[in-house]
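Colleague: File work_27.txt below, compact mmCIF, C-alpha atoms:
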```txt
# COMPACT_ATOMS: atom_id res chain seq x y z
CA MET A 1 -19.09 -6.24 -4.83
CA ARG A 2 -15.57 -5.71 -6.18
CA ARG A 3 -12.99 -7.69 -4.26
CA MET A 4 -9.57 -6.35 -3.36
CA HIS A 5 -6.77 -8.73 -2.56
CA THR A 6 -4.07 -8.47 0.07
CA TYR A 7 -0.57 -7.35 -0.91
CA PRO A 8 2.82 -6.84 0.78
CA ILE A 9 3.97 -3.39 1.90
CA PRO A 10 7.24 -2.22 3.50
CA VAL A 11 7.50 -2.23 7.29
CA GLU A 12 10.29 0.37 7.48
CA PRO A 13 12.60 2.37 5.18
CA VAL A 14 15.81 0.86 3.85
CA THR A 15 18.94 2.32 2.25
CA SER A 16 21.59 0.68 0.09
CA GLU A 17 24.62 2.06 -1.71
CA ASP A 18 26.74 1.10 -4.74
CA VAL A 19 29.58 2.64 -6.72
CA PHE A 20 29.76 2.31 -10.53
CA LYS A 21 32.80 3.85 -12.26
CA LYS A 22 33.27 6.30 -9.39
CA SER A 23 29.63 7.42 -9.38
CA ARG A 24 27.95 6.87 -6.04
CA PHE A 25 24.37 5.57 -6.14
CA ILE A 26 22.32 5.68 -2.93
CA THR A 27 18.96 3.89 -3.09
CA LEU A 28 16.24 4.85 -0.62
CA LEU A 29 13.03 2.83 -0.28
CA SER A 30 10.07 3.64 1.94
CA HIS A 31 6.43 2.81 2.56
CA THR A 32 4.23 5.48 0.94
CA GLU A 33 0.51 4.76 1.12
CA ASN A 34 -0.55 7.24 -1.58
CA ILE A 35 0.83 9.56 -4.25
CA GLU A 36 1.06 12.54 -1.91
CA SER A 37 3.15 10.64 0.63
CA ALA A 38 5.34 9.41 -2.24
CA ARG A 39 5.95 13.01 -3.30
CA VAL A 40 6.81 13.99 0.27
CA PHE A 41 9.35 11.16 0.46
CA ILE A 42 10.92 12.30 -2.83
CA ARG A 43 11.14 15.90 -1.62
CA ASN A 44 12.74 14.77 1.62
CA ALA A 45 15.32 12.72 -0.29
CA ARG A 46 16.20 15.80 -2.35
CA SER A 47 16.57 17.87 0.81
CA ALA A 48 18.78 15.22 2.42
CA HIS A 49 21.10 15.12 -0.62
CA PRO A 50 21.18 18.66 -2.05
CA ALA A 51 24.61 18.22 -3.69
CA ALA A 52 23.68 15.11 -5.70
CA ALA A 53 23.64 15.32 -9.48
CA HIS A 54 20.37 13.41 -9.85
CA HIS A 55 17.45 12.30 -7.67
CA CYS A 56 15.67 9.73 -9.83
CA TRP A 57 12.53 8.12 -8.52
CA ALA A 58 9.71 5.65 -9.07
CA TYR A 59 6.69 4.69 -7.03
CA VAL A 60 3.82 2.24 -6.74
CA ALA A 61 1.71 4.38 -4.42
CA GLY A 62 -1.08 1.93 -3.73
CA ALA A 63 -2.03 -1.62 -4.66
CA PRO A 64 0.52 -3.15 -7.07
CA SER A 65 -2.31 -4.00 -9.48
CA ASP A 66 -3.50 -0.36 -9.71
CA SER A 67 -2.02 1.31 -12.80
CA GLN A 68 -3.35 4.70 -11.63
CA VAL A 69 -0.80 4.95 -8.78
CA LEU A 70 2.43 4.50 -10.76
CA GLY A 71 5.03 7.19 -11.43
CA PHE A 72 8.69 7.67 -12.30
CA SER A 73 11.25 10.29 -13.28
CA ASP A 74 14.74 10.25 -14.84
CA ASP A 75 15.50 13.63 -13.24
CA GLY A 76 17.89 14.76 -15.96
CA GLU A 77 19.38 11.39 -16.85
CA PRO A 78 18.87 10.24 -20.48
CA SER A 79 15.25 9.28 -21.10
CA GLY A 80 14.41 5.74 -20.06
CA THR A 81 17.68 5.05 -18.23
CA ALA A 82 16.65 5.62 -14.60
CA GLY A 83 13.01 5.96 -13.58
CA LYS A 84 11.68 3.30 -15.93
CA PRO A 85 14.08 0.50 -14.86
CA MET A 86 13.47 1.50 -11.25
CA LEU A 87 9.71 1.18 -11.71
CA ALA A 88 10.17 -2.16 -13.46
CA GLN A 89 11.95 -3.49 -10.37
CA LEU A 90 9.19 -2.23 -8.06
CA GLN A 91 6.44 -3.74 -10.19
CA GLY A 92 8.32 -7.02 -10.54
CA SER A 93 8.57 -7.32 -6.76
CA GLY A 94 4.79 -7.29 -6.25
CA VAL A 95 5.20 -4.86 -3.33
CA GLY A 96 2.63 -2.09 -2.99
CA GLU A 97 2.74 1.37 -1.40
CA VAL A 98 6.46 1.78 -2.00
CA THR A 99 8.65 4.58 -3.36
CA ALA A 100 12.26 4.34 -4.50
CA VAL A 101 14.64 7.29 -4.86
CA VAL A 102 18.11 6.71 -6.27
CA VAL A 103 20.49 9.58 -5.51
CA ARG A 104 23.52 9.82 -7.83
CA TYR A 105 26.74 11.62 -7.00
CA PHE A 106 28.54 11.89 -10.35
CA GLY A 107 32.06 10.48 -10.34
CA GLY A 108 33.30 12.07 -13.56
CA ILE A 109 33.00 9.00 -15.81
CA GLU A 110 30.07 8.57 -18.21
CA LEU A 111 28.29 5.25 -17.78
CA GLY A 112 26.44 5.15 -21.08
CA THR A 113 22.82 4.16 -21.55
CA GLY A 114 23.28 0.50 -20.66
CA GLY A 115 25.39 1.33 -17.64
CA LEU A 116 22.79 3.72 -16.27
CA VAL A 117 19.93 1.24 -16.73
CA LYS A 118 21.97 -1.36 -14.90
CA ALA A 119 23.02 0.97 -12.07
CA TYR A 120 19.54 2.31 -11.35
CA GLY A 121 17.75 -1.01 -11.79
CA GLN A 122 20.22 -2.98 -9.70
CA GLY A 123 20.17 -0.34 -6.99
CA VAL A 124 16.44 -0.81 -6.48
CA GLN A 125 16.71 -4.59 -6.83
CA LYS A 126 19.34 -4.69 -4.07
CA ALA A 127 17.32 -2.44 -1.75
CA LEU A 128 14.17 -4.52 -2.26
CA LYS A 129 16.00 -7.56 -0.92
CA LEU A 130 16.56 -5.67 2.33
CA LEU A 131 12.88 -4.85 2.90
CA ARG A 132 10.91 -6.35 5.75
CA LEU A 133 7.32 -6.75 4.61
CA GLN A 134 3.88 -7.05 6.13
CA THR A 135 0.58 -7.90 4.49
CA LYS A 136 -1.99 -5.21 3.86
CA VAL A 137 -5.65 -6.22 4.02
CA PRO A 138 -7.98 -3.66 2.38
CA MET A 139 -10.92 -3.09 4.73
CA GLN A 140 -14.42 -1.72 4.23
CA GLU A 141 -16.43 0.10 6.89
CA PHE A 142 -20.14 -0.57 7.41
CA THR A 143 -22.92 0.38 9.81
CA LEU A 144 -25.82 -1.88 10.78
CA HIS A 145 -28.90 -1.03 12.86
CA VAL A 146 -30.13 -4.15 14.66
CA ASP A 147 -32.40 -5.24 17.48
CA TYR A 148 -30.76 -6.02 20.81
CA VAL A 149 -31.55 -9.71 20.47
CA MET A 150 -29.52 -9.85 17.22
CA LEU A 151 -26.38 -8.27 18.66
CA PRO A 152 -24.60 -11.47 19.80
CA ASP A 153 -25.14 -13.03 16.37
CA ILE A 154 -23.82 -9.94 14.60
CA GLU A 155 -20.73 -9.82 16.81
CA HIS A 156 -20.07 -13.51 16.15
CA LEU A 157 -20.49 -13.00 12.41
CA ILE A 158 -18.05 -10.07 12.34
CA ALA A 159 -15.43 -12.16 14.13
CA ARG A 160 -16.09 -15.14 11.84
CA TYR A 161 -15.28 -13.05 8.77
CA GLU A 162 -12.13 -11.50 10.29
CA GLY A 163 -13.77 -8.12 10.88
CA ARG A 164 -13.37 -5.69 13.73
CA LEU A 165 -15.93 -3.76 15.79
CA ILE A 166 -15.39 0.01 15.76
CA GLU A 167 -18.33 1.38 17.73
CA GLN A 168 -21.68 0.39 19.24
CA THR A 169 -24.43 2.89 20.05
CA PHE A 170 -27.33 1.71 22.21
CA LEU A 171 -30.56 3.62 21.60
CA ASP A 172 -33.74 2.26 20.09
CA GLY A 173 -31.89 -0.86 19.01
CA VAL A 174 -28.13 -0.99 18.43
CA SER A 175 -26.07 0.84 15.82
CA VAL A 176 -22.97 -1.24 15.05
CA VAL A 177 -20.02 0.22 13.15
CA PHE A 178 -17.45 -2.34 11.98
CA VAL A 179 -14.87 -3.07 9.30
CA LEU A 180 -14.51 -6.18 7.16
CA PRO A 181 -11.82 -7.38 4.76
CA MET A 182 -13.12 -6.31 1.37
CA SER A 183 -12.59 -9.84 0.08
CA GLN A 184 -15.10 -11.09 2.70
CA THR A 185 -17.96 -8.62 2.21
CA HIS A 186 -19.94 -10.72 -0.27
CA ASP A 187 -19.87 -13.85 1.89
CA PHE A 188 -20.62 -11.81 5.03
CA ASP A 189 -23.65 -10.26 3.36
CA ARG A 190 -24.97 -13.66 2.40
CA SER A 191 -24.56 -14.99 5.95
CA LEU A 192 -26.09 -11.81 7.36
CA SER A 193 -29.16 -12.34 5.21
CA ASP A 194 -29.37 -15.97 6.36
CA ILE A 195 -29.27 -15.27 10.10
CA SER A 196 -31.72 -12.35 9.80
CA ARG A 197 -34.09 -14.22 7.47
CA GLY A 198 -33.48 -11.66 4.74
CA SER A 199 -34.12 -8.55 6.83
CA LEU A 200 -30.51 -7.35 7.01
CA HIS A 201 -28.01 -6.57 4.23
CA LEU A 202 -24.87 -4.51 3.75
CA HIS A 203 -25.90 -1.37 1.89
CA GLY A 204 -23.74 0.85 -0.31
CA LEU A 205 -20.05 1.50 -0.17
CA ALA A 206 -18.79 3.16 2.99
CA ASN A 207 -15.39 4.64 3.75
CA ILE A 208 -12.38 2.53 2.93
CA SER A 209 -9.89 2.07 5.76
CA ASN A 210 -6.78 -0.07 5.96
CA MET A 211 -5.54 -2.73 8.31
CA THR A 212 -2.22 -4.54 8.25
CA HIS A 213 -1.17 -7.92 9.55
CA LYS A 214 2.44 -9.04 9.87
```
Please go through the file and, once you have read it, give me the structure as C-alpha cells.
Modeller:
Amino acid sequence: MRRMHTYPIPVEPVTSEDVFKKSRFITLLSHTENIESARVFIRNARSAHPAAAHHCWAYVAGAPSDSQVLGFSDDGEPSGTAGKPMLAQLQGSGVGEVTAVVVRYFGGIELGTGGLVKAYGQGVQKALKLLRLQTKVPMQEFTLHVDYVMLPDIEHLIARYEGRLIEQTFLDGVSVVFVLPMSQTHDFDRSLSDISRGSLHLHGLANISNMTHK
C-alpha cells in the first residue's frame, strides 16, 4: 500500500501588506484543499480588489509533495516575475493546501524585473510567517464484516492504530466502517491478519477522507 505522510496546512487566512516605490502589494493566503477551492479563492480576491492593476497568484492545492496540484500566474506582470517566485516561497515552506494572491496597486514607478521578483516573493514570505498551522493526516476508509465475538478486538485495533469508527451495523454479524491514517494501513492489516488467524484483511482502496490534528 502506498503511504502518505502528514503535512502542515493553514488554520485560517492571513493578510499582509507592503509598499515598494509607491506600489502597494497586498498578500492574501488561505487554506484551499483542492484546485477548485484555490480558484474560488483567487476569484474572490479579484472581486475584493477590482481596481488593482494585477492579481498574481500561486497555489499548492494538495500535499506539498504532489506536483500535480501546483499552479501560478503573473497576471500581466513580466513573465517569471510574480507567480513563479510566489510559488517558490510556498514550496519552500513545506505547507500544503495553500493559495497565495498578491494584489498590486500600481504606484506609478516601474520596479524592474528584479524589483518585482523581490516584491512578490517577499510578500508571500512575510505572510507565511503569520500563518497558524495544523497537521493534516491523510485517512483511508474501510469496511470490515466480522463476527460479534471479534468486535471488541477490532475496536481495540482501530484505536491502537489511531483510527476512528464511523459506523457499525448489526445484522448477521457486524459491519464496521472506520478510517485509518494511510501511513498505518499496512501495519493494521498485518495485525488484523494475526488476530483473525488470517481470515480478515483490508481489501481494495476505499474513499479517501481527511482528518486534521492541531
Colleague: Ala159 (chain A): which residues within 12 Å, counting all atoms listed in the file, same-chain residues fewer than 6 positions away excluded, as a short mmCIF file (atom, residue, chain, number, x, y, z; two decimals) with C-alpha atoms, in the frame of the given file?
Modeller:
```cif
data_model
loop_
_atom_site.label_atom_id
_atom_site.label_comp_id
_atom_site.auth_asym_id
_atom_site.auth_seq_id
_atom_site.Cartn_x
_atom_site.Cartn_y
_atom_site.Cartn_z
CA PRO A 152 -24.60 -11.47 19.80
CA ASP A 153 -25.14 -13.03 16.37
CA LEU A 165 -15.93 -3.76 15.79
CA PHE A 178 -17.45 -2.34 11.98
CA VAL A 179 -14.87 -3.07 9.30
CA LEU A 180 -14.51 -6.18 7.16
CA PRO A 181 -11.82 -7.38 4.76
CA GLN A 184 -15.10 -11.09 2.70
CA PHE A 188 -20.62 -11.81 5.03
#
```
Colleague: Within 8 Å of Leu131 (chain A), counting all atoms listed in the file, which residues qualify if same-chain residues fewer than 2 places away don't, as a list in words?
Modeller: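 Within the cut-off, the hits are Pro10, Val11, Glu12, Pro13, Val14, Ala127, Leu128, Lys129 and Leu133 of chain A.
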Colleague: Could you please determine the separation between CA of Arg132 (chain A) and CA of Pro8 (chain A) in Å, to one decimal place?
Modeller: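 The value is 9.5 Å.
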Colleague: Would you mind listing what lies within 12 Å of Gly71 (chain A) as a PyMOL selection string, with all atoms listed in the file counted and same-chain residues fewer than 2 positions away left out?
Modeller: chain A and resi 34-36+38-39+42+56-62+66-69+73-74+83-88+90-91+97-101
Colleague: Rank nothing, just name the residue among A:Met182, A:Leu192, A:Ala119, A:Val177 nearest to Met150 (chain A), using all atoms listed in the file.
Modeller: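 Among the listed residues, A:Leu192 lies closest to Met150 (chain A).
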Colleague: Would you kindly return, as a PyMOL selection string, each protein, DNA or RNA residue with an atom no farther than 9 Å from any atom of Glu110 (chain A), considering all atoms listed in the file and excluding same-chain residues fewer than 6 positions away?
Modeller: chain A and resi 21+23+116
Colleague: Work out where the centre of an axis-aligned box around every listed atom of region 68-80 of chain A lies and how long its edges are once 4 Å is added on each side; give both in Å to one decimal as AutoDock Vina command-line options.
Modeller:
```
--center_x 8.0 --center_y 9.6 --center_z -14.9 --size_x 30.7 --size_y 18.3 --size_z 20.3
```
Colleague: What would region 64-103 of chain A look like if you wrote it out as an mmCIF file, in the first residue's frame, with C-alpha atoms included, from the block I just posted?
Modeller:
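selection_23.cif, freshly written:
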```cif
data_model
loop_
_atom_site.group_PDB
_atom_site.id
_atom_site.type_symbol
_atom_site.label_atom_id
_atom_site.label_comp_id
_atom_site.auth_asym_id
_atom_site.auth_seq_id
_atom_site.Cartn_x
_atom_site.Cartn_y
_atom_site.Cartn_z
ATOM 1 C CA PRO A 64 3.276 19.687 -0.873
ATOM 2 C CA SER A 65 4.944 16.660 -2.491
ATOM 3 C CA ASP A 66 2.275 16.395 -5.231
ATOM 4 C CA SER A 67 3.480 18.141 -8.406
ATOM 5 C CA GLN A 68 0.018 17.728 -9.970
ATOM 6 C CA VAL A 69 -1.573 20.347 -7.679
ATOM 7 C CA LEU A 70 0.741 23.304 -8.366
ATOM 8 C CA GLY A 71 -0.195 26.459 -10.267
ATOM 9 C CA PHE A 72 0.794 30.100 -10.688
ATOM 10 C CA SER A 73 0.116 33.197 -12.781
ATOM 11 C CA ASP A 74 1.906 36.515 -13.402
ATOM 12 C CA ASP A 75 -1.425 38.131 -14.345
ATOM 13 C CA GLY A 76 0.100 40.643 -16.750
ATOM 14 C CA GLU A 77 3.387 41.225 -14.959
ATOM 15 C CA PRO A 78 6.556 40.343 -16.953
ATOM 16 C CA SER A 79 6.919 36.578 -17.291
ATOM 17 C CA GLY A 80 8.560 34.927 -14.304
ATOM 18 C CA THR A 81 8.471 37.985 -12.026
ATOM 19 C CA ALA A 82 5.406 37.234 -9.885
ATOM 20 C CA GLY A 83 3.742 33.830 -9.885
ATOM 21 C CA LYS A 84 6.948 31.812 -10.046
ATOM 22 C CA PRO A 85 8.689 33.478 -7.064
ATOM 23 C CA MET A 86 5.416 33.247 -5.148
ATOM 24 C CA LEU A 87 5.196 29.508 -5.825
ATOM 25 C CA ALA A 88 8.839 29.085 -4.833
ATOM 26 C CA GLN A 89 8.056 30.574 -1.427
ATOM 27 C CA LEU A 90 5.046 28.279 -0.958
ATOM 28 C CA GLN A 91 7.002 25.182 -1.919
ATOM 29 C CA GLY A 92 9.934 26.182 0.261
ATOM 30 C CA SER A 93 7.649 26.471 3.281
ATOM 31 C CA GLY A 94 6.521 22.830 3.086
ATOM 32 C CA VAL A 95 2.905 23.917 3.692
ATOM 33 C CA GLY A 96 0.187 22.119 1.739
ATOM 34 C CA GLU A 97 -3.312 23.125 0.631
ATOM 35 C CA VAL A 98 -2.450 26.816 0.462
ATOM 36 C CA THR A 99 -3.072 29.581 -2.077
ATOM 37 C CA ALA A 100 -1.402 32.982 -2.243
ATOM 38 C CA VAL A 101 -2.764 36.003 -4.109
ATOM 39 C CA VAL A 102 -0.706 39.182 -4.268
ATOM 40 C CA VAL A 103 -2.770 42.208 -5.260
#
```
